[in-house]
Amino acid sequence: MSEKSENAKVHPSESGSGSGATDGEDKKDGSTFECNICLDTARDAVVSMCGHLFCWPCLHQWLETKPNNQVCPVCKAVINKDKVVPLYGRGSTNQQDPREKLPPRPSGQRTEPEPGSAFSGFGLGENGFHMSFGIGVFPFGFFTSMFNFGELRPSAAPRGTPQHMEEQFLSKLFLWLALLFLAWLIFA
Amino acid sequence: MANIAAQRIKREFKEVIKSEEVAKCAIKVELVNDNYTELKGEIAGPPDTPYEGGNFVLEIRVPETYPFNPPKVRFITKIWHPNISSVTGAICLDILKDQWAAAMTLRTVLLSLQALLSAAEPDDPQDAVVAKQFKENIDMFQMTARHWTNVYAGGPHVNTEFNEKIKRLQDMGVDDHQARVALSSYNWDLERATEQLFTARLTLVIFV
Ligand SMILES: [Zn+2]
Ligand SMILES: [Zn+2]
């Protein structure tokens, strides 16, 4: 709707310079990434499941304002703090970690790649692994983040880094602990 | 906090000024003070309604918590409508209450108010007298609303019969707005309106 007026304005008045058209283009592109609440370029951007973009502080304040009726400010779809996806643009790691500021932005949900076939012999399929991992990891995840206190890093380490190896190791360790616990439950 | 509100109003203000609706003279916003907390809105009465041809002025107050809470809006121009108080101009509209959403803007508010003028909701009234008339005598309601639009909002339709009745009451010493309210409330029945006006005065005198 604003596109139309933009184009109409650009052509007659600024046809000589040639920069008018690109200005209009920039503006059009920029508005795509504006927060739907403050109408400014989204900072610490998150996107809802219905696809609407917000600054995390803006959306957080909206959800705080209406604790009993949490709906998307744009389309009024039901919205959940735990189901918004943070957007990390290129170079965003250079900025301050948004989670250090208040309110903390929810972290991305990263599904680990399928583990190797090392555990297939135990009769616990890979589904079993994922399930026990999902249930068991929450408190441990808390501890691992305690170990890394003070370190600036995105929520999930990239593959191949020592961090990733460490996480792999830890998850295997906890799997073994869980298996031992299961065995204890069965045989005790 | 107030800064977010002011920043956003600034942006919206530009947006409204650039919008197509302004080009068509359907809506308008003006600043009343420099800190963007008070604005004056204007909406044109929608076509094919008793409000057609009228221009309705609104008072818009922006709370510090805007846009997380809705702006406070009321009609300054007197209007005869089931969802708008004929006395105070207070508006009963869901998006100005619990259905407000932070992505809404001054533009959406003004357009929603314009839509409210086209489609009244008498089952959720702000003015019970108007709502009752709307439900029981729609023709009378439309004539009355058109008359109010003519007198207060600059609408084109002059109702000589209504004006005459008001003149009669004015001759008895009644203020013209009071006369209009009484006549409007009693379906332009001059006798009942007179009765109501003067018994009200009598009781006042007795109590004083
Ligand atoms: Zn924002
Ligand atoms: Zn949405």
# chains A, B, ... in the order shown; residues from 1 in each chain; ligands from 1
>>> residues_near_ligand(ligand="ligand 2", cutoff="8 Å", atoms="only C-alpha atoms and all ligand atoms", output="PyMOL selection string")
chain A and resi 48-52+71-77+79
>>> write_last_selection(atoms="N, CA, C and O atoms", output="tab-separated table (two decimals), in the first residue's frame")
chain	number	residue	atom	x	y	z
A	48	SER	N	7.42	-14.91	15.73
A	48	SER	CA	6.43	-15.79	16.33
A	48	SER	C	6.14	-16.95	15.38
A	48	SER	O	6.54	-16.92	14.22
A	49	MET	N	5.42	-17.96	15.86
A	49	MET	CA	5.09	-19.10	15.01
A	49	MET	C	4.19	-18.66	13.85
A	49	MET	O	4.17	-19.28	12.81
A	50	CYS	N	3.45	-17.56	14.04
A	50	CYS	CA	2.60	-17.06	12.95
A	50	CYS	C	3.39	-16.17	11.99
A	50	CYS	O	2.84	-15.63	11.04
A	51	GLY	N	4.70	-16.03	12.25
A	51	GLY	CA	5.56	-15.36	11.28
A	51	GLY	C	5.71	-13.87	11.48
A	51	GLY	O	6.22	-13.19	10.59
A	52	HIS	N	5.30	-13.34	12.62
A	52	HIS	CA	5.41	-11.90	12.82
A	52	HIS	C	6.66	-11.53	13.61
A	52	HIS	O	7.00	-12.18	14.59
A	71	VAL	N	-1.69	-13.21	22.98
A	71	VAL	CA	-1.95	-13.32	21.55
A	71	VAL	C	-0.95	-12.47	20.77
A	71	VAL	O	-0.36	-11.53	21.30
A	72	CYS	N	-0.78	-12.83	19.50
A	72	CYS	CA	0.11	-12.07	18.62
A	72	CYS	C	-0.46	-10.66	18.45
A	72	CYS	O	-1.63	-10.50	18.15
A	73	PRO	N	0.37	-9.62	18.63
A	73	PRO	CA	-0.12	-8.26	18.49
A	73	PRO	C	-0.60	-7.92	17.08
A	73	PRO	O	-1.31	-6.95	16.88
A	74	VAL	N	-0.21	-8.74	16.09
A	74	VAL	CA	-0.60	-8.45	14.72
A	74	VAL	C	-1.85	-9.25	14.33
A	74	VAL	O	-2.86	-8.67	13.94
A	75	CYS	N	-1.78	-10.58	14.46
A	75	CYS	CA	-2.87	-11.42	13.93
A	75	CYS	C	-3.70	-12.06	15.03
A	75	CYS	O	-4.67	-12.76	14.72
A	76	LYS	N	-3.34	-11.83	16.29
A	76	LYS	CA	-4.08	-12.36	17.44
A	76	LYS	C	-4.08	-13.89	17.51
A	76	LYS	O	-4.95	-14.47	18.16
A	77	ALA	N	-3.14	-14.53	16.84
A	77	ALA	CA	-2.97	-15.97	17.03
A	77	ALA	C	-2.43	-16.17	18.43
A	77	ALA	O	-1.76	-15.30	18.98
A	79	ILE	N	0.00	-17.05	21.20
A	79	ILE	CA	1.45	-16.93	21.11
A	79	ILE	C	2.03	-17.41	22.42
A	79	ILE	O	1.39	-17.34	23.47
>>> closest_atom_pairs(of="chain A", to="chain B", cutoff="12 Å", atoms="only C-alpha atoms", output="Markdown table")
| residue | atom | partner | partner_atom | distance |
| --- | --- | --- | --- | --- |
| A:Met1 | CA | B:Glu20 | CA | 8.4 |
| A:Ser2 | CA | B:Ser19 | CA | 7.5 |
| A:Glu3 | CA | B:Ser19 | CA | 11.0 |
| A:Lys4 | CA | B:Glu20 | CA | 9.8 |
| A:Ser5 | CA | B:Glu20 | CA | 8.2 |
| A:Glu6 | CA | B:Lys18 | CA | 9.6 |
| A:Lys9 | CA | B:Lys18 | CA | 11.0 |
| A:Glu34 | CA | B:Ala103 | CA | 11.3 |
| A:Cys35 | CA | B:Ala103 | CA | 9.0 |
| A:Asn36 | CA | B:Ala103 | CA | 5.4 |
| A:Ile37 | CA | B:Ala103 | CA | 5.0 |
| A:Cys38 | CA | B:Arg8 | CA | 5.9 |
| A:Leu39 | CA | B:Arg8 | CA | 6.8 |
| A:Asp40 | CA | B:Arg8 | CA | 8.3 |
| A:His52 | CA | B:Ala103 | CA | 10.3 |
| A:Leu53 | CA | B:Ala103 | CA | 10.7 |
| A:Phe54 | CA | B:Ala103 | CA | 9.8 |
| A:Pro57 | CA | B:Ile4 | CA | 11.5 |
| A:Cys58 | CA | B:Phe68 | CA | 8.9 |
| A:Leu59 | CA | B:Ala102 | CA | 9.0 |
| A:His60 | CA | B:Phe68 | CA | 10.6 |
| A:Gln61 | CA | B:Phe68 | CA | 7.5 |
| A:Trp62 | CA | B:Phe68 | CA | 5.8 |
| A:Leu63 | CA | B:Phe68 | CA | 9.2 |
| A:Glu64 | CA | B:Phe68 | CA | 9.4 |
| A:Thr65 | CA | B:Phe68 | CA | 6.7 |
| A:Lys66 | CA | B:Phe68 | CA | 8.9 |
| A:Asn68 | CA | B:Asp98 | CA | 11.4 |
| A:Asn69 | CA | B:Asp98 | CA | 9.6 |
| A:Gln70 | CA | B:Ala101 | CA | 10.4 |
| A:Val71 | CA | B:Ala101 | CA | 8.3 |
| A:Cys72 | CA | B:Ala101 | CA | 7.8 |
| A:Pro73 | CA | B:Ala101 | CA | 4.7 |
| A:Val74 | CA | B:Ala103 | CA | 5.3 |
| A:Cys75 | CA | B:Ala101 | CA | 8.9 |
| A:Lys76 | CA | B:Ala101 | CA | 7.8 |
| A:Ala77 | CA | B:Ala101 | CA | 11.3 |
>>> atom_distance(atom1="CA of Leu96 (chain B)", atom2="CA of Pro70 (chain B)")
5.6 Å
>>> select_by_dssp(residues="region 10-184 of chain B", states="alpha helix (DSSP H)", output="number ranges by chain")
B: 10-18, 20-23, 106-118, 128-136, 138-152, 160-171, 176-184
>>> atom_distance(atom1="CA of Ser171 (chain A)", atom2="CA of Trp184 (chain A)")
19.7 Å
>>> residues_around(residues="Arg61 (chain B)", least_positions_apart="2", cutoff="7 Å", atoms="only C-alpha atoms", output="JSON, numbers by chain")
{"B": [37, 38, 39, 59, 63, 71, 72, 73]}
>>> write_last_selection(atoms="N, CA and C atoms", output="PDB file, in the first residue's frame")
ATOM      1  N   THR B  37       1.675  13.540  23.481  1.00  0.00           N
ATOM      2  CA  THR B  37       0.782  12.805  24.374  1.00  0.00           C
ATOM      3  C   THR B  37      -0.675  13.147  24.090  1.00  0.00           C
ATOM      4  N   GLU B  38      -0.896  14.240  23.384  1.00  0.00           N
ATOM      5  CA  GLU B  38      -2.264  14.629  23.082  1.00  0.00           C
ATOM      6  C   GLU B  38      -2.381  14.963  21.599  1.00  0.00           C
ATOM      7  N   LEU B  39      -3.373  14.374  20.964  1.00  0.00           N
ATOM      8  CA  LEU B  39      -3.563  14.630  19.546  1.00  0.00           C
ATOM      9  C   LEU B  39      -5.035  14.895  19.265  1.00  0.00           C
ATOM     10  N   GLU B  59     -10.766  13.498  20.453  1.00  0.00           N
ATOM     11  CA  GLU B  59      -9.671  13.790  21.380  1.00  0.00           C
ATOM     12  C   GLU B  59      -8.907  12.484  21.585  1.00  0.00           C
ATOM     13  N   PRO B  63      -1.352   7.206  26.400  1.00  0.00           N
ATOM     14  CA  PRO B  63      -0.808   6.896  27.727  1.00  0.00           C
ATOM     15  C   PRO B  63       0.691   6.609  27.661  1.00  0.00           C
ATOM     16  N   PRO B  71      -4.757   3.928  23.141  1.00  0.00           N
ATOM     17  CA  PRO B  71      -4.930   5.361  23.385  1.00  0.00           C
ATOM     18  C   PRO B  71      -6.340   5.609  23.932  1.00  0.00           C
ATOM     19  N   LYS B  72      -6.493   6.705  24.644  1.00  0.00           N
ATOM     20  CA  LYS B  72      -7.828   7.055  25.161  1.00  0.00           C
ATOM     21  C   LYS B  72      -8.469   8.031  24.175  1.00  0.00           C
ATOM     22  N   VAL B  73      -9.582   7.597  23.599  1.00  0.00           N
ATOM     23  CA  VAL B  73     -10.200   8.383  22.531  1.00  0.00           C
ATOM     24  C   VAL B  73     -11.648   8.698  22.881  1.00  0.00           C
TER      25      VAL B  73
END
>>> atom_distance(atom1="CA of Ile84 (chain B)", atom2="CA of Asp127 (chain B)")
6.1 Å
>>> residues_around(residues="Cys25 (chain B)", least_positions_apart="4", cutoff="9 Å", atoms="only C-alpha atoms", output="PyMOL selection string")
chain B and resi 20-21+43-44
>>> write_last_selection(atoms="C-alpha atoms", output="PDB file, in the first residue's frame")
ATOM      1  CA  GLU B  20      -4.116   7.167   1.199  1.00  0.00           C
ATOM      2  CA  GLU B  21      -6.965   7.906   3.611  1.00  0.00           C
ATOM      3  CA  ILE B  43     -12.824  11.308  10.623  1.00  0.00           C
ATOM      4  CA  ALA B  44     -15.211  11.886   7.769  1.00  0.00           C
TER       5      ALA B  44
END
>>> closest_residue(among="B:Thr160, B:Asn55, B:Asn187, B:Gln114", to="Phe134 (chain B)", atoms="only C-alpha atoms")
B:Asn187
>>> residues_around(residues="region 165-178 of chain B", least_positions_apart="5", cutoff="9 Å", atoms="only C-alpha atoms", output="CSV table (one decimal) with N, CA and C atoms, in the first residue's frame")
chain,number,residue,atom,x,y,z
B,160,THR,N,-36.0,20.7,8.6
B,160,THR,CA,-36.7,21.9,9.0
B,160,THR,C,-37.7,21.6,10.1
B,183,LEU,N,-35.8,16.2,22.7
B,183,LEU,CA,-36.6,15.8,21.6
B,183,LEU,C,-36.1,14.5,20.9
B,188,TRP,N,-38.8,12.9,19.0
B,188,TRP,CA,-39.3,14.2,18.5
B,188,TRP,C,-40.7,14.4,18.8
B,189,ASP,N,-41.2,13.8,19.9
B,189,ASP,CA,-42.5,14.1,20.4
B,189,ASP,C,-42.4,15.4,21.3
B,190,LEU,N,-42.9,16.5,20.7
B,190,LEU,CA,-42.7,17.8,21.4
B,190,LEU,C,-43.3,17.8,22.8
B,193,ALA,N,-41.3,15.7,25.3
B,193,ALA,CA,-40.0,16.4,25.5
B,193,ALA,C,-40.2,17.6,26.4
B,194,THR,N,-41.3,18.4,26.2
B,194,THR,CA,-41.6,19.5,27.0
B,194,THR,C,-41.8,19.1,28.4
B,197,LEU,N,-38.7,18.1,30.1
B,197,LEU,CA,-37.8,19.2,30.4
B,197,LEU,C,-38.3,20.0,31.6
>>> decode(residues="region 181-195 of chain B", atoms="N, CA and C atoms", output="short mmCIF file (atom, residue, chain, number, x, y, z; two decimals), in the first residue's frame")
data_model
loop_
_atom_site.label_atom_id
_atom_site.label_comp_id
_atom_site.auth_asym_id
_atom_site.auth_seq_id
_atom_site.Cartn_x
_atom_site.Cartn_y
_atom_site.Cartn_z
N VAL B 181 -31.55 17.27 22.77
CA VAL B 181 -31.40 16.00 23.48
C VAL B 181 -32.76 15.47 23.91
N ALA B 182 -33.58 16.34 24.48
CA ALA B 182 -34.91 15.91 24.96
C ALA B 182 -35.76 15.41 23.80
N LEU B 183 -35.80 16.18 22.72
CA LEU B 183 -36.61 15.77 21.56
C LEU B 183 -36.07 14.48 20.94
N SER B 184 -34.77 14.37 20.82
CA SER B 184 -34.17 13.16 20.25
C SER B 184 -34.52 11.94 21.10
N SER B 185 -34.49 12.12 22.43
CA SER B 185 -34.75 11.01 23.33
C SER B 185 -36.21 10.56 23.29
N TYR B 186 -37.11 11.48 22.93
CA TYR B 186 -38.55 11.14 22.90
C TYR B 186 -39.07 11.08 21.47
N ASN B 187 -38.23 10.62 20.55
CA ASN B 187 -38.64 10.45 19.15
C ASN B 187 -39.29 11.71 18.56
N TRP B 188 -38.82 12.85 18.96
CA TRP B 188 -39.27 14.16 18.47
C TRP B 188 -40.73 14.44 18.79
N ASP B 189 -41.21 13.84 19.87
CA ASP B 189 -42.54 14.12 20.39
C ASP B 189 -42.42 15.38 21.27
N LEU B 190 -42.92 16.51 20.74
CA LEU B 190 -42.72 17.81 21.39
C LEU B 190 -43.34 17.84 22.79
N GLU B 191 -44.55 17.23 22.90
CA GLU B 191 -45.25 17.26 24.18
C GLU B 191 -44.46 16.55 25.27
N ARG B 192 -44.03 15.32 24.94
CA ARG B 192 -43.31 14.55 25.95
C ARG B 192 -41.98 15.18 26.29
N ALA B 193 -41.32 15.73 25.27
CA ALA B 193 -40.03 16.38 25.51
C ALA B 193 -40.21 17.57 26.43
N THR B 194 -41.28 18.36 26.17
CA THR B 194 -41.55 19.54 26.99
C THR B 194 -41.81 19.13 28.44
N GLU B 195 -42.67 18.10 28.54
CA GLU B 195 -43.03 17.57 29.86
C GLU B 195 -41.77 17.18 30.64
#
